[in-house]
Amino acid sequence: MPIPKLTKATIEHNTSAQSLKRGEAYYLAGNVTSAVRRGNMVQAVVEGSEVEPYRVTLPFDDAGLASTLFCTCPYDNGGWCKHIVATLLLCMRQPEIIDEGPTLEQLLDRLNDVQTQQLIQHLVKKDPSLIDAIERYINLSAIAAPSNPPTKAPRHTSIDPAPFRHQVRRILREAVRYFEDGWEEEDPITEELLDVIQRAQEFSAQGDGNNALVILEAITTACVEDWNDVEEFGADNSEIANALNEAWTEAILTAQLTAEEEIDLQVMLEAWQDEWDCDFSMSLEALRQGWDDPLLQQVLEGNITGQGVWAGDAPDCARDLTLIRLQILDRQERDQEYLYLAQAEGCTQQYLTMLTRLGRVEEAVEAAATQMQSAEDALALVQTLKQQGALEQALKICQAGLNLSGHCHYELAISMSELAVELGEDEVALNARIQIFKIQPSFRDYSLVKELARDSWSTLKADLLATLKTHESWKFTEAKVDIFLDEGMIEDAIALADGLGYYHSALIHRVMGAAISHSPDWVIANACGRAASIMDQGKSNEYNLAIKWLEKARAAYLQTGQNLQWSAYRSQLMQVHSRKRKLMEMLKSPDLD
């Protein structure tokens with residue numbers, strides 16, 4: 001299998017029942033015409049409804065699929081599209097037919113500088129819009145971040161900040177033009193500026209905090225000086241200021257600063273904070289505390305007390321600051337200091353996952369029994385345990401995590417189900433499926449519980465149906481209709497359909513189709529009422545929908561032998577709406593005879 005840990009359950013829980021069914025059909029029909037693995041990525045060509053085939057890209061790593069998969073189709077109804085599903089099924093069932101291809105890096109390595117330039121020129125000629133992205137990248141990469149962590153102290157010489165300052169000012173100027181042209185639907189500033197800030201963070205991530213500070217000074221200066229131009233249009237600086245605060249904190253804790261440089265930074269940050277009306281308190285705290293603070297040093301040496309690294313009350317930014325410190329310690333492979341700090345500051349999730357990453361699995365599981373505080377802690381530990389191949393321990397943590405508070409019980413239950421199936425724990429797999437259904441009901445999970453329950457199904461069925469009826473959110477409407485109709489619970493389906501509107505027309509039609517033989521009078525009354533609402537208001541662009549409702553009413557009339565009554569009702573409609581020419585043509589359709 002070219003993609004690690006890929007299972008049918010993973011596909012089922014990331015796509016709709018319709019996309020799963022159509023994806024299966026596409027796979028069986030051979031619509032996936034080619035598939036190539038390029039390093040940690042599978043690319044495929046899938047024939048669809050358009051002349052041009054769709055292109056699917058599946059990134060992955062040792063832990064399995066990435067969180068985001070790509071397809072060139074316009075599908076946007078939640079979950080993976082049928083083209084992605086078809087490609088994943090190919091990866092599962094026929095991995096031997098997937099070709100091996102070179103990665104982008106390997107391909108570029110074959111070219112010299114001149115050939116690389118020719119390639120870029122050729123691509124821009126085919127897609128001229130690429131030149132904007134190229135210009136932006138070059139402006140931001142005036143001096144590239146180092147590709148490897150430095151083996152000696154970072155250099156103190158500064159890179160040229162001008163390209164970054166110019167980029168920020170260009171973004172703000174273009175935003176002013178956008179607002180002046182009367183556009184309001186999108187935010188033309190935040191995403192663009194966050195990308196520029198990311199460049200500074202890349203320097204910090206490579207251990208070059210001093211140059212990250214130079215970039216951040218250029219960005220912040222330009223923002224503070226030019227923000228009034230966009231503020232009059234209602235632009236809000238909070239998200240940008242928060243991102244800068246985090247980036248400044250990381251750069252300060254990564255850089256090597258003299259006492260004079262620290263004072264200069266403090267003065268600048270405090271001035272910007274006042275002038276821009278923002279919060280740089282975490283950056284200032286990082287500057288004050290550094291790495292040499294006595295309490296912090298004690299903790300990093302393993303002397304852990306109840307007060308952690310703070311002499312008095314911890315500031316509001318304490319946890320975020322600790323997380324940034326942990327990120328830096330992890331990057332520098334200072335594992336034991338990482339564990340001490342995480343433990344002292346109550347960062348349970350980080351403490352448990354680091355123990356696991358270090359191979360101290362049993363120690364992590366034992367600590368989790370007393371320290372794990374939330375379902376989120378459990379899920380993070382489960383994911384790390386799975387990466388380490390500790391599946392039995394991961395299953396145990398899933399079960400414990402479902403009893404904790406949090407907002408990821410659905411994801412935990414899915415992991416529990418997949419692990420139980422892989423380990424052959426049928427009873428646990430059944431319980432996991434029941435949990436999944438109770439959290440987020442779907443017809444697929446209802447069917448899977450039925451399949452796994454076997455002899456105990458009759459007892460479980462009543463419990464699941466009772467649970468289903470307690471869910472009032474409209475997002476579970478389709479699941480309710482699917483299950484009610486599958487179980488022959490027509491009256492429940494009718495009661496549900498009575499409260500549905502235009503958005504759920506397809507579901508109402510399904511209920512009517514099933515109810516024609518059971519409750520034809522309801523179908524007639526409901527369908528005629530919905531059709532009349534459209535026709536009486538003269539909604540000519542919706543007449544086709546009215547006819548669809550009338551077709552359902554006609555079927556119910558004929559089902560009960562009321563052919564003459566249908567003909568009379570149709571004639572009455574034609575008389576009432578005789579002046580609506582478009583509707584009259586539709587009412588004369590043979591489909592309504």
# chains A, B, ... in the order shown; residues from 1 in each chain; ligands from 1
call {"tool": "residues_around", "arguments": {"residues": "region 170-185 of chain A", "least_positions_apart": "6", "cutoff": "9 Å", "atoms": "only C-alpha atoms", "output": "JSON, numbers by chain"}}
result
{"A": [192, 193, 223, 226, 227, 229, 230, 233]}
call {"tool": "atom_distance", "arguments": {"atom1": "CA of Leu323 (chain A)", "atom2": "CA of Pro161 (chain A)"}}
result
28.0 Å
call {"tool": "residues_around", "arguments": {"residues": "Val36 (chain A)", "least_positions_apart": "3", "cutoff": "12 Å", "atoms": "only C-alpha atoms", "output": "list in words"}}
result
Pro2, Val32, Thr33, Gly39, Asn40, Met41, Val42, Gln43, Ala44, Val45, Arg55, Val56, Thr57, Leu58, Thr87, Leu90, Cys91, Pro95, Glu96, Ile97, Ile98, Asp99, Glu100, Gly101, Pro102 and Thr103 of chain A
call {"tool": "residues_around", "arguments": {"residues": "Leu300 (chain A)", "least_positions_apart": "5", "cutoff": "10 Å", "atoms": "only C-alpha atoms", "output": "CSV table (one decimal) with N, CA and C atoms, in the first residue's frame"}}
result
chain,number,residue,atom,x,y,z
A,291,TRP,N,16.0,33.4,28.9
A,291,TRP,CA,16.3,32.1,29.3
A,291,TRP,C,17.0,32.0,30.7
A,294,PRO,N,16.0,33.2,37.0
A,294,PRO,CA,16.4,32.1,38.0
A,294,PRO,C,15.3,31.0,38.2
A,295,LEU,N,14.0,31.4,38.3
A,295,LEU,CA,13.0,30.4,38.4
A,295,LEU,C,12.9,29.5,37.2
A,309,VAL,N,7.3,28.7,36.9
A,309,VAL,CA,8.4,29.6,36.5
A,309,VAL,C,8.0,31.0,36.9
A,334,ARG,N,16.5,19.6,23.2
A,334,ARG,CA,16.7,19.7,24.6
A,334,ARG,C,15.5,19.0,25.3
A,336,GLN,N,15.0,16.7,27.8
A,336,GLN,CA,14.7,16.6,29.2
A,336,GLN,C,14.2,17.9,29.7
A,337,GLU,N,14.8,19.0,29.2
A,337,GLU,CA,14.4,20.3,29.7
A,337,GLU,C,13.0,20.6,29.2
A,338,TYR,N,12.6,20.1,28.0
A,338,TYR,CA,11.3,20.2,27.5
A,338,TYR,C,10.3,19.5,28.5
A,339,LEU,N,10.7,18.3,28.9
A,339,LEU,CA,9.8,17.6,29.8
A,339,LEU,C,9.6,18.3,31.1
A,340,TYR,N,10.7,18.8,31.7
A,340,TYR,CA,10.6,19.5,33.0
A,340,TYR,C,9.7,20.7,32.8
A,341,LEU,N,9.9,21.5,31.8
A,341,LEU,CA,9.1,22.7,31.6
A,341,LEU,C,7.6,22.4,31.4
A,342,ALA,N,7.3,21.4,30.5
A,342,ALA,CA,6.0,21.0,30.3
A,342,ALA,C,5.3,20.5,31.6
A,344,ALA,N,6.2,21.3,34.7
A,344,ALA,CA,6.0,22.4,35.7
A,344,ALA,C,4.9,23.3,35.3
call {"tool": "residues_around", "arguments": {"residues": "region 22-28 of chain A", "least_positions_apart": "5", "cutoff": "8 Å", "atoms": "only C-alpha atoms", "output": "JSON, numbers by chain"}}
result
{"A": [81, 82, 83, 84, 85, 86, 87, 89, 90]}
call {"tool": "write_last_selection", "arguments": {"atoms": "N, CA, C and O atoms", "output": "mmCIF file, in the first residue's frame"}}
result
data_model
loop_
_atom_site.group_PDB
_atom_site.id
_atom_site.type_symbol
_atom_site.label_atom_id
_atom_site.label_comp_id
_atom_site.auth_asym_id
_atom_site.auth_seq_id
_atom_site.Cartn_x
_atom_site.Cartn_y
_atom_site.Cartn_z
ATOM 1 N N CYS A 81 -14.283 14.212 -2.326
ATOM 2 C CA CYS A 81 -15.111 14.016 -3.518
ATOM 3 C C CYS A 81 -14.950 12.583 -4.033
ATOM 4 O O CYS A 81 -14.083 11.817 -3.603
ATOM 5 N N LYS A 82 -15.774 12.221 -5.021
ATOM 6 C CA LYS A 82 -15.753 10.854 -5.554
ATOM 7 C C LYS A 82 -14.446 10.546 -6.278
ATOM 8 O O LYS A 82 -14.018 9.385 -6.330
ATOM 9 N N HIS A 83 -13.780 11.582 -6.832
ATOM 10 C CA HIS A 83 -12.522 11.341 -7.538
ATOM 11 C C HIS A 83 -11.410 10.970 -6.560
ATOM 12 O O HIS A 83 -10.589 10.094 -6.836
ATOM 13 N N ILE A 84 -11.404 11.650 -5.402
ATOM 14 C CA ILE A 84 -10.436 11.307 -4.357
ATOM 15 C C ILE A 84 -10.716 9.905 -3.832
ATOM 16 O O ILE A 84 -9.801 9.104 -3.631
ATOM 17 N N VAL A 85 -12.000 9.594 -3.614
ATOM 18 C CA VAL A 85 -12.366 8.261 -3.111
ATOM 19 C C VAL A 85 -11.905 7.180 -4.086
ATOM 20 O O VAL A 85 -11.323 6.162 -3.676
ATOM 21 N N ALA A 86 -12.148 7.395 -5.380
ATOM 22 C CA ALA A 86 -11.741 6.399 -6.377
ATOM 23 C C ALA A 86 -10.231 6.174 -6.354
ATOM 24 O O ALA A 86 -9.744 5.033 -6.449
ATOM 25 N N THR A 87 -9.478 7.268 -6.207
ATOM 26 C CA THR A 87 -8.020 7.151 -6.163
ATOM 27 C C THR A 87 -7.559 6.420 -4.910
ATOM 28 O O THR A 87 -6.648 5.580 -4.961
ATOM 29 N N LEU A 89 -9.225 4.191 -3.221
ATOM 30 C CA LEU A 89 -9.559 2.764 -3.375
ATOM 31 C C LEU A 89 -8.530 2.065 -4.254
ATOM 32 O O LEU A 89 -8.157 0.912 -4.000
ATOM 33 N N LEU A 90 -8.053 2.763 -5.280
ATOM 34 C CA LEU A 90 -6.991 2.204 -6.117
ATOM 35 C C LEU A 90 -5.730 1.970 -5.286
ATOM 36 O O LEU A 90 -5.072 0.925 -5.410
#
call {"tool": "closest_residue", "arguments": {"among": "A:Ala413, A:Arg288, A:Gln297, A:Phe60", "to": "Ala259 (chain A)", "atoms": "only C-alpha atoms"}}
result
A:Arg288
